[in-house]
$ cat target.txt   # compact mmCIF, C-alpha atoms
# COMPACT_ATOMS: atom_id res chain seq x y z
CA MET A 1 -61.43 59.09 -44.16
CA LYS A 2 -63.33 62.32 -43.58
CA GLU A 3 -66.38 60.42 -42.31
CA LEU A 4 -64.12 58.44 -39.97
CA SER A 5 -62.59 61.65 -38.65
CA ILE A 6 -66.06 63.06 -37.82
CA LYS A 7 -67.06 59.88 -36.01
CA VAL A 8 -63.83 59.82 -33.98
CA HIS A 9 -64.26 63.51 -33.13
CA GLU A 10 -67.80 62.83 -31.86
CA ALA A 11 -66.73 59.70 -29.93
CA TRP A 12 -63.91 61.67 -28.25
CA LEU A 13 -66.34 64.31 -26.99
CA ALA A 14 -68.98 61.76 -25.94
CA THR A 15 -66.37 59.85 -23.91
CA LEU A 16 -65.00 63.02 -22.33
CA MET A 17 -68.53 64.09 -21.34
CA ALA A 18 -69.15 60.64 -19.82
CA GLY A 19 -65.97 61.17 -17.79
CA PHE A 20 -67.37 64.44 -16.47
CA MET A 21 -70.69 62.75 -15.60
CA SER A 22 -69.08 59.97 -13.61
CA LYS A 23 -68.52 60.51 -9.89
CA GLY A 24 -66.86 57.23 -9.12
CA SER A 25 -64.04 54.93 -10.16
CA ASN A 26 -65.16 55.04 -13.81
CA LYS A 27 -64.24 58.70 -14.10
CA GLN A 28 -60.49 58.49 -14.58
CA LYS A 29 -60.79 55.58 -17.02
CA LEU A 30 -63.31 57.47 -19.16
CA VAL A 31 -61.19 60.63 -19.22
CA ASN A 32 -58.10 58.58 -20.12
CA PHE A 33 -60.02 56.79 -22.88
CA SER A 34 -61.18 60.15 -24.23
CA ASP A 35 -57.51 61.19 -24.41
CA ILE A 36 -56.71 58.04 -26.39
CA ILE A 37 -59.62 58.66 -28.79
CA PHE A 38 -58.46 62.27 -29.24
CA ARG A 39 -55.06 60.92 -30.27
CA HIS A 40 -56.83 58.64 -32.77
CA PHE A 41 -58.47 61.79 -34.11
CA THR A 42 -55.08 63.47 -34.61
CA TRP A 43 -53.67 60.39 -36.33
CA VAL A 44 -56.57 60.19 -38.76
CA GLU A 45 -56.19 63.92 -39.38
CA ALA A 46 -52.46 63.47 -40.06
CA GLU A 47 -53.30 60.88 -42.73
CA MET A 48 -55.84 63.25 -44.28
CA VAL A 49 -53.26 66.04 -44.40
CA ALA A 50 -50.63 63.70 -45.88
CA ALA A 51 -53.12 62.51 -48.51
CA GLY A 52 -54.20 66.06 -49.35
CA VAL A 53 -57.81 65.41 -48.30
CA SER A 54 -59.83 68.57 -47.78
CA TYR A 55 -61.40 68.41 -44.32
CA ASP A 56 -62.99 70.42 -41.55
CA TYR A 57 -64.16 69.98 -37.96
CA ASP A 58 -67.90 70.02 -38.74
CA ARG A 59 -69.84 67.46 -36.73
CA GLU A 60 -73.31 66.63 -35.49
CA MET A 61 -74.74 67.67 -32.13
CA ILE A 62 -73.93 65.08 -29.48
CA PRO A 63 -76.91 64.28 -27.21
CA ILE A 64 -75.67 63.57 -23.68
CA LYS A 65 -78.64 64.20 -21.40
CA VAL A 66 -78.95 60.83 -19.71
CA ALA A 67 -80.18 59.78 -16.29
CA SER A 68 -77.78 56.86 -15.96
CA LEU A 69 -74.20 56.47 -17.09
CA GLY A 70 -74.97 53.07 -18.60
CA VAL A 71 -77.04 54.70 -21.35
CA MET A 72 -74.11 56.94 -22.24
CA LEU A 73 -71.66 54.03 -22.15
CA GLN A 74 -73.84 52.08 -24.59
CA ASN A 75 -73.99 55.16 -26.81
CA ILE A 76 -70.17 55.34 -26.81
CA ILE A 77 -69.87 51.60 -27.53
CA ASN A 78 -72.16 52.09 -30.56
CA ARG A 79 -70.01 55.00 -31.72
CA LEU A 80 -66.82 52.92 -31.37
CA SER A 81 -68.45 50.11 -33.33
CA GLN A 82 -69.25 52.54 -36.16
CA ILE A 83 -65.65 53.76 -36.11
CA ALA A 84 -64.40 50.17 -36.38
CA GLN A 85 -66.50 49.71 -39.51
CA GLU A 86 -64.88 52.77 -41.15
CA LEU A 87 -61.26 51.87 -40.41
CA ASP A 88 -60.61 50.53 -43.90
CA SER A 89 -60.39 54.16 -45.05
CA VAL A 90 -57.02 54.65 -43.30
CA SER A 91 -53.70 52.83 -43.68
CA GLY A 92 -53.38 49.28 -42.41
CA ASP A 93 -50.98 50.14 -39.59
CA LEU A 94 -53.17 52.93 -38.26
CA ALA A 95 -56.35 50.86 -38.65
CA HIS A 96 -54.74 48.04 -36.69
CA ARG A 97 -53.55 50.36 -33.92
CA ILE A 98 -56.94 52.06 -33.52
CA SER A 99 -58.85 48.80 -33.81
CA HIS A 100 -56.80 47.24 -31.02
CA ASP A 101 -57.44 50.23 -28.73
CA LEU A 102 -61.16 50.24 -29.50
CA LYS A 103 -61.56 46.55 -28.70
CA TYR A 104 -60.06 47.08 -25.25
CA ILE A 105 -61.99 50.30 -24.57
CA THR A 106 -65.24 48.59 -25.63
CA PHE A 107 -64.47 45.66 -23.33
CA VAL A 108 -63.89 47.96 -20.34
CA LEU A 109 -66.96 50.12 -21.08
CA SER A 110 -69.12 47.01 -21.36
CA ASN A 111 -68.14 46.00 -17.84
CA MET A 112 -68.35 49.37 -16.15
CA ARG A 113 -70.61 49.78 -13.15
CA ASP A 114 -73.68 51.91 -13.84
CA GLU A 115 -74.10 55.26 -12.03
CA GLU A 116 -76.92 57.69 -11.54
CA VAL A 117 -76.14 60.92 -13.44
CA THR A 118 -76.84 64.30 -11.84
CA ALA A 119 -74.82 66.39 -14.30
CA PHE A 120 -77.97 67.91 -15.86
CA ASP A 121 -80.10 68.76 -12.84
CA ALA A 122 -79.13 72.47 -12.93
CA ASN A 123 -78.65 72.56 -9.14
CA ARG A 124 -75.94 75.20 -9.66
CA GLU A 125 -74.22 74.39 -6.39
CA LEU A 126 -70.53 73.66 -6.24
CA ASP A 127 -69.01 71.56 -3.47
CA GLY A 128 -71.40 73.04 -0.89
CA ILE A 129 -70.00 76.54 -1.43
CA GLU A 130 -72.57 79.26 -0.69
CA LEU A 131 -72.56 81.80 -3.52
CA ASN A 132 -74.80 84.83 -3.84
CA ASP A 133 -77.04 85.00 -6.93
CA ALA A 134 -74.75 87.35 -8.84
CA ALA A 135 -71.67 85.21 -8.22
CA ARG A 136 -73.58 82.02 -9.12
CA ASP A 137 -74.79 83.59 -12.39
CA ALA A 138 -71.32 84.88 -13.19
CA LEU A 139 -69.78 81.47 -12.53
CA THR A 140 -72.45 79.79 -14.69
CA LEU A 141 -71.80 82.13 -17.62
CA PHE A 142 -68.05 81.84 -17.16
CA LEU A 143 -68.18 78.04 -17.35
CA PHE A 144 -70.30 77.99 -20.51
CA GLU A 145 -68.16 80.67 -22.14
CA GLU A 146 -64.78 79.28 -21.16
CA SER A 147 -65.51 75.57 -21.69
CA TYR A 148 -66.39 76.44 -25.30
CA LYS A 149 -63.31 78.67 -25.55
CA GLU A 150 -60.99 75.91 -24.33
CA TYR A 151 -62.52 73.43 -26.82
CA GLU A 152 -62.15 76.06 -29.53
CA LEU A 153 -58.48 76.61 -28.62
CA ILE A 154 -57.77 72.87 -28.63
CA MET A 155 -59.23 72.60 -32.13
CA ILE A 156 -57.50 75.73 -33.44
CA TYR A 157 -54.04 74.73 -32.18
CA ASN A 158 -54.63 71.16 -33.28
CA TYR A 159 -55.52 72.31 -36.81
CA LEU A 160 -52.51 74.63 -36.97
CA LYS A 161 -50.24 71.87 -35.70
CA ALA A 162 -51.63 69.30 -38.13
CA ASN A 163 -50.99 71.64 -41.02
CA SER A 164 -47.50 72.81 -40.01
CA LYS A 165 -44.19 71.01 -40.25
CA ASP A 166 -42.35 73.60 -38.13
CA ALA A 167 -41.11 71.86 -34.98
CA TYR A 168 -40.62 75.12 -33.04
CA VAL A 169 -44.20 76.40 -33.34
CA ASN A 170 -45.63 72.88 -33.13
CA ARG A 171 -43.98 72.49 -29.71
CA ILE A 172 -45.75 75.69 -28.61
CA PHE A 173 -49.06 74.56 -30.13
CA GLN A 174 -48.84 71.23 -28.28
CA ILE A 175 -48.20 72.95 -24.93
CA LEU A 176 -51.20 75.22 -25.53
CA ILE A 177 -53.35 72.19 -26.45
CA ASP A 178 -52.30 70.45 -23.23
CA GLU A 179 -53.03 73.57 -21.17
CA SER A 180 -56.48 73.96 -22.74
CA PHE A 181 -57.22 70.31 -22.06
CA PHE A 182 -56.50 70.87 -18.39
CA HIS A 183 -58.79 73.90 -18.32
CA LEU A 184 -61.55 72.13 -20.26
CA LYS A 185 -61.41 69.17 -17.89
CA SER A 186 -61.47 71.44 -14.83
CA PHE A 187 -64.43 73.45 -16.13
CA GLY A 188 -66.26 70.33 -17.35
CA ASP A 189 -66.01 68.76 -13.90
CA MET A 190 -67.36 71.94 -12.32
CA MET A 191 -70.24 72.08 -14.82
CA ALA A 192 -71.16 68.46 -14.07
CA LYS A 193 -71.16 69.16 -10.33
CA MET A 194 -73.39 72.20 -10.89
CA GLY A 195 -75.74 70.16 -13.09
CA ILE A 196 -75.11 72.26 -16.20
CA LEU A 197 -72.89 69.96 -18.25
CA ALA A 198 -72.99 70.69 -21.97
CA VAL A 199 -71.02 69.67 -25.06
CA PRO A 200 -69.20 72.69 -26.48
CA ARG A 201 -70.88 73.80 -29.67
CA MET A 202 -69.35 73.10 -33.08
CA ILE A 203 -66.78 75.68 -34.19
CA SER A 204 -67.07 77.59 -37.43
CA ARG A 205 -64.48 76.77 -40.09
CA GLU A 206 -63.16 80.30 -40.35
CA VAL A 207 -62.16 80.17 -36.67
CA TYR A 208 -59.51 77.50 -37.25
CA GLN A 209 -58.84 77.71 -41.00
CA ILE A 210 -56.80 80.80 -40.28
CA GLU A 211 -55.63 82.98 -43.14
CA ASP A 212 -53.72 85.61 -41.13
CA ILE A 213 -51.80 83.90 -38.34
CA GLN A 214 -50.28 87.13 -37.03
CA ALA A 215 -53.72 88.67 -36.57
CA PHE A 216 -54.81 85.43 -34.90
CA PHE A 217 -51.99 85.65 -32.34
CA TYR A 218 -52.63 89.32 -31.61
CA ALA A 219 -56.36 88.64 -31.11
CA GLY A 220 -55.52 85.55 -29.04
CA ILE A 221 -53.33 87.56 -26.69
CA ASP A 222 -56.16 90.06 -26.22
CA GLU A 223 -58.56 87.19 -25.48
CA GLU A 224 -56.19 85.74 -22.90
CA LEU A 225 -56.01 89.16 -21.22
CA ALA A 226 -59.83 89.30 -21.18
CA ALA A 227 -59.95 85.79 -19.69
CA LYS A 228 -57.51 86.90 -16.98
CA GLU A 229 -59.85 89.74 -16.09
CA GLU A 230 -62.84 87.36 -15.90
CA CYS A 231 -60.85 85.07 -13.59
CA ARG A 232 -59.91 88.04 -11.40
CA LYS A 233 -63.55 89.14 -11.11
CA LEU A 234 -64.69 85.61 -10.29
CA SER A 235 -61.95 85.16 -7.73
CA GLU A 236 -63.06 88.38 -6.00
CA ALA A 237 -66.73 87.38 -6.18
CA VAL A 238 -66.24 83.99 -4.55
CA SER A 239 -63.38 84.80 -2.17
CA ALA A 240 -65.64 85.56 0.82
CA ASN A 241 -67.42 82.21 0.57
CA SER A 242 -64.71 79.99 -0.79
CA PRO A 243 -61.03 80.88 -0.50
CA GLU A 244 -60.29 77.56 -2.22
CA LEU A 245 -62.36 78.43 -5.31
CA ALA A 246 -60.85 81.94 -5.31
CA LYS A 247 -57.38 80.39 -5.32
CA PHE A 248 -58.41 78.16 -8.25
CA PHE A 249 -59.39 81.19 -10.34
CA ASP A 250 -56.19 83.00 -9.31
CA PHE A 251 -54.31 79.92 -10.48
CA ILE A 252 -56.13 79.90 -13.84
CA ASN A 253 -55.55 83.66 -14.10
CA ASN A 254 -51.83 83.15 -13.58
CA GLN A 255 -51.69 80.35 -16.13
CA GLU A 256 -52.97 82.77 -18.75
CA ASN A 257 -49.68 84.71 -18.32
CA TYR A 258 -47.85 81.60 -19.48
CA HIS A 259 -50.19 81.21 -22.47
CA ILE A 260 -49.64 84.85 -23.40
CA ALA A 261 -45.86 84.37 -23.17
CA LEU A 262 -46.09 81.30 -25.42
CA MET A 263 -48.25 83.11 -27.96
CA LYS A 264 -45.86 86.07 -27.98
CA ASP A 265 -43.00 83.63 -28.49
CA ALA A 266 -44.81 81.99 -31.43
CA LEU A 267 -45.71 85.42 -32.84
CA ALA A 268 -42.10 86.67 -32.63
CA TYR A 269 -40.87 83.46 -34.25
CA TRP A 270 -43.47 83.78 -37.00
CA GLU A 271 -42.70 87.46 -37.65
CA LYS A 272 -38.96 86.75 -37.72
CA GLY A 273 -39.57 83.97 -40.26
CA THR A 274 -41.70 86.15 -42.50
CA ASN A 275 -39.25 89.10 -42.29
CA ASP A 276 -36.07 87.05 -42.98
CA MET B 1 -77.49 88.57 -17.93
CA ASP B 2 -79.80 87.10 -15.26
CA VAL B 3 -79.47 83.36 -15.53
CA ASN B 4 -82.78 81.53 -15.25
CA ALA B 5 -83.85 77.99 -16.06
CA GLN B 6 -84.91 78.88 -19.60
CA LEU B 7 -81.57 80.49 -20.39
CA ILE B 8 -79.67 77.55 -18.92
CA GLU B 9 -81.67 75.22 -21.15
CA HIS B 10 -80.65 77.25 -24.24
CA MET B 11 -77.01 77.32 -23.06
CA MET B 12 -76.90 73.59 -22.43
CA GLU B 13 -78.64 72.64 -25.66
CA PRO B 14 -78.77 75.50 -28.15
CA LYS B 15 -81.66 74.87 -30.51
CA ASN B 16 -81.02 74.78 -34.27
CA TYR B 17 -77.25 75.14 -33.93
CA GLY B 18 -75.08 74.02 -36.84
CA ALA B 19 -74.54 74.34 -40.55
CA MET B 20 -77.07 73.50 -43.28
CA PRO B 21 -75.25 72.40 -46.44
CA GLN B 22 -78.42 72.34 -48.61
CA SER B 23 -79.88 75.66 -47.49
CA ASP B 24 -81.98 77.87 -49.78
CA ALA B 25 -80.42 81.04 -48.39
CA GLN B 26 -77.84 82.26 -45.93
CA GLY B 27 -77.51 85.60 -44.18
CA ILE B 28 -74.93 87.09 -41.87
CA GLY B 29 -75.16 89.56 -39.00
CA LYS B 30 -71.82 91.03 -38.01
CA ASN B 31 -70.28 93.16 -35.31
CA PRO B 32 -67.63 95.23 -37.14
CA GLU B 33 -65.97 96.17 -33.83
CA ASN B 34 -64.79 92.74 -32.81
CA GLY B 35 -65.41 90.42 -35.77
CA GLU B 36 -68.20 88.50 -34.01
CA LYS B 37 -70.80 87.22 -36.42
CA VAL B 38 -73.89 85.07 -36.77
CA ALA B 39 -74.78 83.07 -39.87
CA ILE B 40 -78.36 81.90 -40.40
CA TYR B 41 -79.31 79.23 -42.91
CA LEU B 42 -82.85 78.78 -44.20
CA LYS B 43 -84.69 75.94 -45.87
CA MET B 44 -87.96 77.27 -47.19
CA GLY B 45 -91.20 75.38 -47.72
CA ASN B 46 -94.34 76.14 -49.71
CA ASP B 47 -97.77 75.72 -48.11
CA ASP B 48 -100.46 76.34 -50.75
CA GLY B 49 -98.45 79.19 -52.24
CA GLU B 50 -97.32 80.67 -48.96
CA ILE B 51 -93.56 80.47 -48.50
CA TYR B 52 -92.49 79.64 -44.96
CA ILE B 53 -89.37 78.71 -42.99
CA GLU B 54 -89.36 74.93 -43.05
CA ASP B 55 -86.02 74.59 -41.27
CA ILE B 56 -83.48 76.98 -39.85
CA ARG B 57 -79.92 76.70 -38.49
CA PHE B 58 -77.46 79.17 -37.10
CA GLN B 59 -73.79 79.34 -36.27
CA ALA B 60 -72.10 81.98 -34.16
CA ILE B 61 -68.63 83.30 -33.69
CA GLY B 62 -69.42 85.09 -30.48
CA CYS B 63 -70.27 84.83 -26.83
CA THR B 64 -72.74 82.66 -24.93
CA THR B 65 -75.32 85.46 -24.99
CA THR B 66 -75.24 85.41 -28.79
CA VAL B 67 -75.79 81.66 -28.80
CA VAL B 68 -78.74 81.98 -26.42
CA ALA B 69 -80.25 84.73 -28.60
CA GLY B 70 -79.70 82.59 -31.71
CA SER B 71 -81.33 79.60 -30.07
CA MET B 72 -84.38 81.59 -28.97
CA ILE B 73 -84.92 83.63 -32.14
CA THR B 74 -84.45 80.71 -34.55
CA GLU B 75 -86.86 78.64 -32.48
CA GLU B 76 -89.42 81.44 -32.77
CA ALA B 77 -88.80 81.82 -36.51
CA LYS B 78 -89.26 78.17 -37.40
CA GLU B 79 -92.39 77.55 -39.49
CA LEU B 80 -93.18 81.27 -39.77
CA SER B 81 -94.13 82.72 -43.15
CA ILE B 82 -91.78 85.33 -44.61
CA ARG B 83 -94.12 88.04 -43.37
CA GLY B 84 -94.29 86.44 -39.92
CA ALA B 85 -90.50 86.22 -39.75
CA ARG B 86 -90.17 89.88 -40.73
CA ASN B 87 -92.66 90.79 -37.98
CA LEU B 88 -90.52 88.81 -35.52
CA ILE B 89 -87.44 90.75 -36.63
CA GLU B 90 -89.21 94.10 -36.21
CA ALA B 91 -90.55 93.10 -32.80
CA THR B 92 -87.04 92.11 -31.74
CA PHE B 93 -85.62 95.45 -32.89
CA ARG B 94 -88.36 97.30 -30.96
CA ILE B 95 -87.57 95.39 -27.76
CA LEU B 96 -83.86 96.07 -28.22
CA THR B 97 -84.42 99.84 -28.22
CA LYS B 98 -85.38 99.46 -24.54
CA VAL B 99 -82.22 97.66 -23.39
CA PRO B 100 -78.66 99.00 -23.03
CA PRO B 101 -76.65 98.83 -26.30
CA GLU B 102 -74.09 96.39 -24.88
CA ASP B 103 -76.92 94.01 -23.95
CA ALA B 104 -78.70 94.52 -27.26
CA ALA B 105 -75.76 93.84 -29.56
CA CYS B 106 -75.94 90.02 -29.49
CA SER B 107 -79.67 89.77 -30.20
CA GLU B 108 -79.41 92.49 -32.85
CA MET B 109 -76.74 90.44 -34.61
CA VAL B 110 -79.06 87.39 -34.71
CA ALA B 111 -82.10 89.40 -35.88
CA LEU B 112 -79.99 91.04 -38.60
CA ALA B 113 -78.69 87.65 -39.73
CA LEU B 114 -82.28 86.44 -40.08
CA LYS B 115 -83.20 89.59 -42.03
CA ALA B 116 -80.15 89.08 -44.26
CA ALA B 117 -81.11 85.45 -44.89
CA LEU B 118 -84.71 86.41 -45.83
CA ASP B 119 -83.46 89.21 -48.09
CA THR B 120 -81.00 86.83 -49.72
CA TYR B 121 -83.81 84.33 -50.29
CA GLU B 122 -85.99 86.95 -51.99
CA LYS B 123 -83.09 88.14 -54.16
CA ARG B 124 -82.52 84.55 -55.23
CA VAL B 125 -86.01 84.32 -56.64
CA ASP B 126 -84.70 86.43 -59.54
CA ASP B 127 -81.02 85.50 -59.29
CA PRO B 128 -80.32 82.00 -57.91
CA ASP B 129 -76.63 82.82 -57.55
CA PHE B 130 -77.15 85.93 -55.43
CA PRO B 131 -74.48 85.85 -52.67
CA PRO B 132 -75.34 85.80 -48.95
CA ILE B 133 -76.11 89.29 -47.63
CA THR B 134 -74.25 90.65 -44.57
CA TYR B 135 -75.64 93.37 -42.30
CA GLN B 136 -73.68 95.10 -39.56
CA ILE B 137 -75.06 95.94 -36.12
CA ASP B 138 -75.53 99.48 -34.75
CA ASN B 139 -75.17 98.58 -31.06
CA THR B 140 -71.84 97.96 -29.42
CA CYS B 141 -71.17 95.11 -27.03
CA THR B 142 -68.19 96.78 -25.38
CA PRO B 143 -68.64 96.04 -21.66
CA LYS B 144 -69.55 98.85 -19.33
CA GLU B 145 -66.51 100.51 -17.80
CA GLY B 146 -65.65 99.14 -14.36
CA GLU B 147 -68.47 96.59 -14.37
CA GLU B 148 -67.99 94.11 -11.53
CA ILE B 149 -69.80 90.96 -10.48

$ encode --input "target.txt" --output "structure tokens"
Amino acid sequence: MKELSIKVHEAWLATLMAGFMSKGSNKQKLVNFSDIIFRHFTWVEAEMVAAGVSYDYDREMIPIKVASLGVMLQNIINRLSQIAQELDSVSGDLAHRISHDLKYITFVLSNMRDEEVTAFDANRELDGIELNDAARDALTLFLFEESYKEYELIMIYNYLKANSKDAYVNRIFQILIDESFFHLKSFGDMMAKMGILAVPRMISREVYQIEDIQAFFYAGIDEELAAKEECRKLSEAVSANSPELAKFFDFINNQENYHIALMKDALAYWEKGTND
Amino acid sequence: MDVNAQLIEHMMEPKNYGAMPQSDAQGIGKNPENGEKVAIYLKMGNDDGEIYIEDIRFQAIGCTTTVVAGSMITEEAKELSIRGARNLIEATFRILTKVPPEDAACSEMVALALKAALDTYEKRVDDPDFPPITYQIDNTCTPKEGEEI
């Protein structure tokens, strides 16, 4: 089951990256399929938790530097085929559900139109917006930093949710996962346009196998505040050349307020529970 | 950080990133201020009696700059003898004395992790169960006050 979970994790990321690479009608399908495969990942994880299997989110590097989307699609099809061969390690119902999804996804991927991929050409231009060197460098660093951060947050909240039976905090964790998915997809699309697309690096176990959840929330709130500040700086840096991009970073900045409110809510709930 | 093609390459595909379950030694470099850390794993080889770094991996809880430094330093360290790797560490420390502390902190953490891993390896020659050594950095990576893009 653990091996299956790793393969599904890797297939999810490979499919999401292919969605970022695509510039045409394949894009939305690939992103939607990546969402489905992520759900498969959570279902397999739920079975591991229920069975008391010790697990982590370790995985291999995922090579994605391709010149044509077709190469990536074939890579994903191979990954899905390997997953299908491992499905006997989970319950029959789950295996059947995943298997059915994979057959359809494989069918659609096999018939997708090929595309030239420019997501790795390091052009560092975004939608024709003229940025000065400092702003371009800052945006580049921001995208690498924050795309990893959003992936990290998805995995942390997913792990906490998988290992908690508390409906109140799990509702908060799910909202934060959804929010981070939106941010990751936004940043991934920007990275692909700028030719600097990269798979977020693997996260260390101690980041998500959290021993002190209160400390985690306090640190998380500080990180959200720091992210707000980065968004503010970027918005200022690009506002002269692109009011639209500035508004995007103001929007992300404002969303962090909501995340902070949710984390404070979860923290208060947690502290109340531990003090009662 | 000035972003050039070489740095982008290391950001897009960090070299030697990941865990190494069958390592011969592990070392950790840590920033006590913010909990950021770098772990380096070594697999050592023996070439006619000279011990060298056959394979190396690193993992970081830290920023992109730390990952770039880890990618570059581990790439340099691969296949070096123990003496060569220690020279690399010293050379890194010397370069870092010439850059502002907040810029030096990430690379110092990586170099210290490599030093810790080598020291752990040498301790394990006498005691195979010697635990991974952790060293803490001197520099601080607190951003400069009022720094703007």

$ interface_residues --input "target.txt" --of "chain A" --to "chain B" --cutoff "6 Å" --atoms "only C-alpha atoms" --output "list in words"
Asp137, Glu145 and Ala198 of chain A

$ atom_distance --input "target.txt" --atom1 "CA of Ile210 (chain A)" --atom2 "CA of Asn163 (chain A)"
10.9 Å

$ residues_near_point --input "target.txt" --point "(-89.2, 72.6, -45.6)" --cutoff "7 Å" --atoms "only C-alpha atoms" --output "list in words"
Lys43, Met44, Gly45, Ile53, Glu54 and Asp55 of chain B

$ residues_around --input "target.txt" --residues "Ile62 (chain A)" --least-positions-apart "5" --cutoff "10 Å" --atoms "all atoms listed in the file" --output "mmCIF file with C-alpha atoms, in the frame of the given file"
data_model
loop_
_atom_site.group_PDB
_atom_site.id
_atom_site.type_symbol
_atom_site.label_atom_id
_atom_site.label_comp_id
_atom_site.auth_asym_id
_atom_site.auth_seq_id
_atom_site.Cartn_x
_atom_site.Cartn_y
_atom_site.Cartn_z
ATOM 1 C CA GLU A 10 -67.800 62.830 -31.860
ATOM 2 C CA ALA A 11 -66.730 59.700 -29.930
ATOM 3 C CA LEU A 13 -66.340 64.310 -26.990
ATOM 4 C CA ALA A 14 -68.980 61.760 -25.940
ATOM 5 C CA MET A 17 -68.530 64.090 -21.340
ATOM 6 C CA ALA A 198 -72.990 70.690 -21.970
ATOM 7 C CA VAL A 199 -71.020 69.670 -25.060
ATOM 8 C CA PRO A 200 -69.200 72.690 -26.480
ATOM 9 C CA ARG A 201 -70.880 73.800 -29.670
ATOM 10 C CA MET A 202 -69.350 73.100 -33.080
ATOM 11 C CA GLU B 13 -78.640 72.640 -25.660
#

$ residues_near_point --input "target.txt" --point "(-56.6, 61.8, -45.8)" --cutoff "12 Å" --atoms "all atoms listed in the file" --output "mmCIF file with C-alpha atoms, in the coordinates of the input"
data_model
loop_
_atom_site.group_PDB
_atom_site.id
_atom_site.type_symbol
_atom_site.label_atom_id
_atom_site.label_comp_id
_atom_site.auth_asym_id
_atom_site.auth_seq_id
_atom_site.Cartn_x
_atom_site.Cartn_y
_atom_site.Cartn_z
ATOM 1 C CA MET A 1 -61.430 59.090 -44.160
ATOM 2 C CA LYS A 2 -63.330 62.320 -43.580
ATOM 3 C CA GLU A 3 -66.380 60.420 -42.310
ATOM 4 C CA LEU A 4 -64.120 58.440 -39.970
ATOM 5 C CA SER A 5 -62.590 61.650 -38.650
ATOM 6 C CA PHE A 41 -58.470 61.790 -34.110
ATOM 7 C CA THR A 42 -55.080 63.470 -34.610
ATOM 8 C CA TRP A 43 -53.670 60.390 -36.330
ATOM 9 C CA VAL A 44 -56.570 60.190 -38.760
ATOM 10 C CA GLU A 45 -56.190 63.920 -39.380
ATOM 11 C CA ALA A 46 -52.460 63.470 -40.060
ATOM 12 C CA GLU A 47 -53.300 60.880 -42.730
ATOM 13 C CA MET A 48 -55.840 63.250 -44.280
ATOM 14 C CA VAL A 49 -53.260 66.040 -44.400
ATOM 15 C CA ALA A 50 -50.630 63.700 -45.880
ATOM 16 C CA ALA A 51 -53.120 62.510 -48.510
ATOM 17 C CA GLY A 52 -54.200 66.060 -49.350
ATOM 18 C CA VAL A 53 -57.810 65.410 -48.300
ATOM 19 C CA SER A 54 -59.830 68.570 -47.780
ATOM 20 C CA TYR A 55 -61.400 68.410 -44.320
ATOM 21 C CA ASP A 56 -62.990 70.420 -41.550
ATOM 22 C CA SER A 89 -60.390 54.160 -45.050
ATOM 23 C CA VAL A 90 -57.020 54.650 -43.300
ATOM 24 C CA SER A 91 -53.700 52.830 -43.680
ATOM 25 C CA ALA A 162 -51.630 69.300 -38.130
#

$ residues_around --input "target.txt" --residues "region 111-127 of chain B" --least-positions-apart "5" --cutoff "6 Å" --atoms "all atoms listed in the file" --output "NGL selection string"
:B and (25-29 or 40 or 89 or 132-133)

$ atom_distance --input "target.txt" --atom1 "CA of Ala215 (chain A)" --atom2 "CA of Lys185 (chain A)"
28.1 Å

$ closest_residue --input "target.txt" --among "A:Ala192, A:Leu126, A:Ile177, A:Ala226" --to "Ile156 (chain A)" --atoms "only C-alpha atoms"
A:Ile177

$ closest_residue --input "target.txt" --among "B:Ile56, B:Asp129, B:Asp48, B:Arg94" --to "Glu76 (chain B)" --atoms "all atoms listed in the file"
B:Ile56
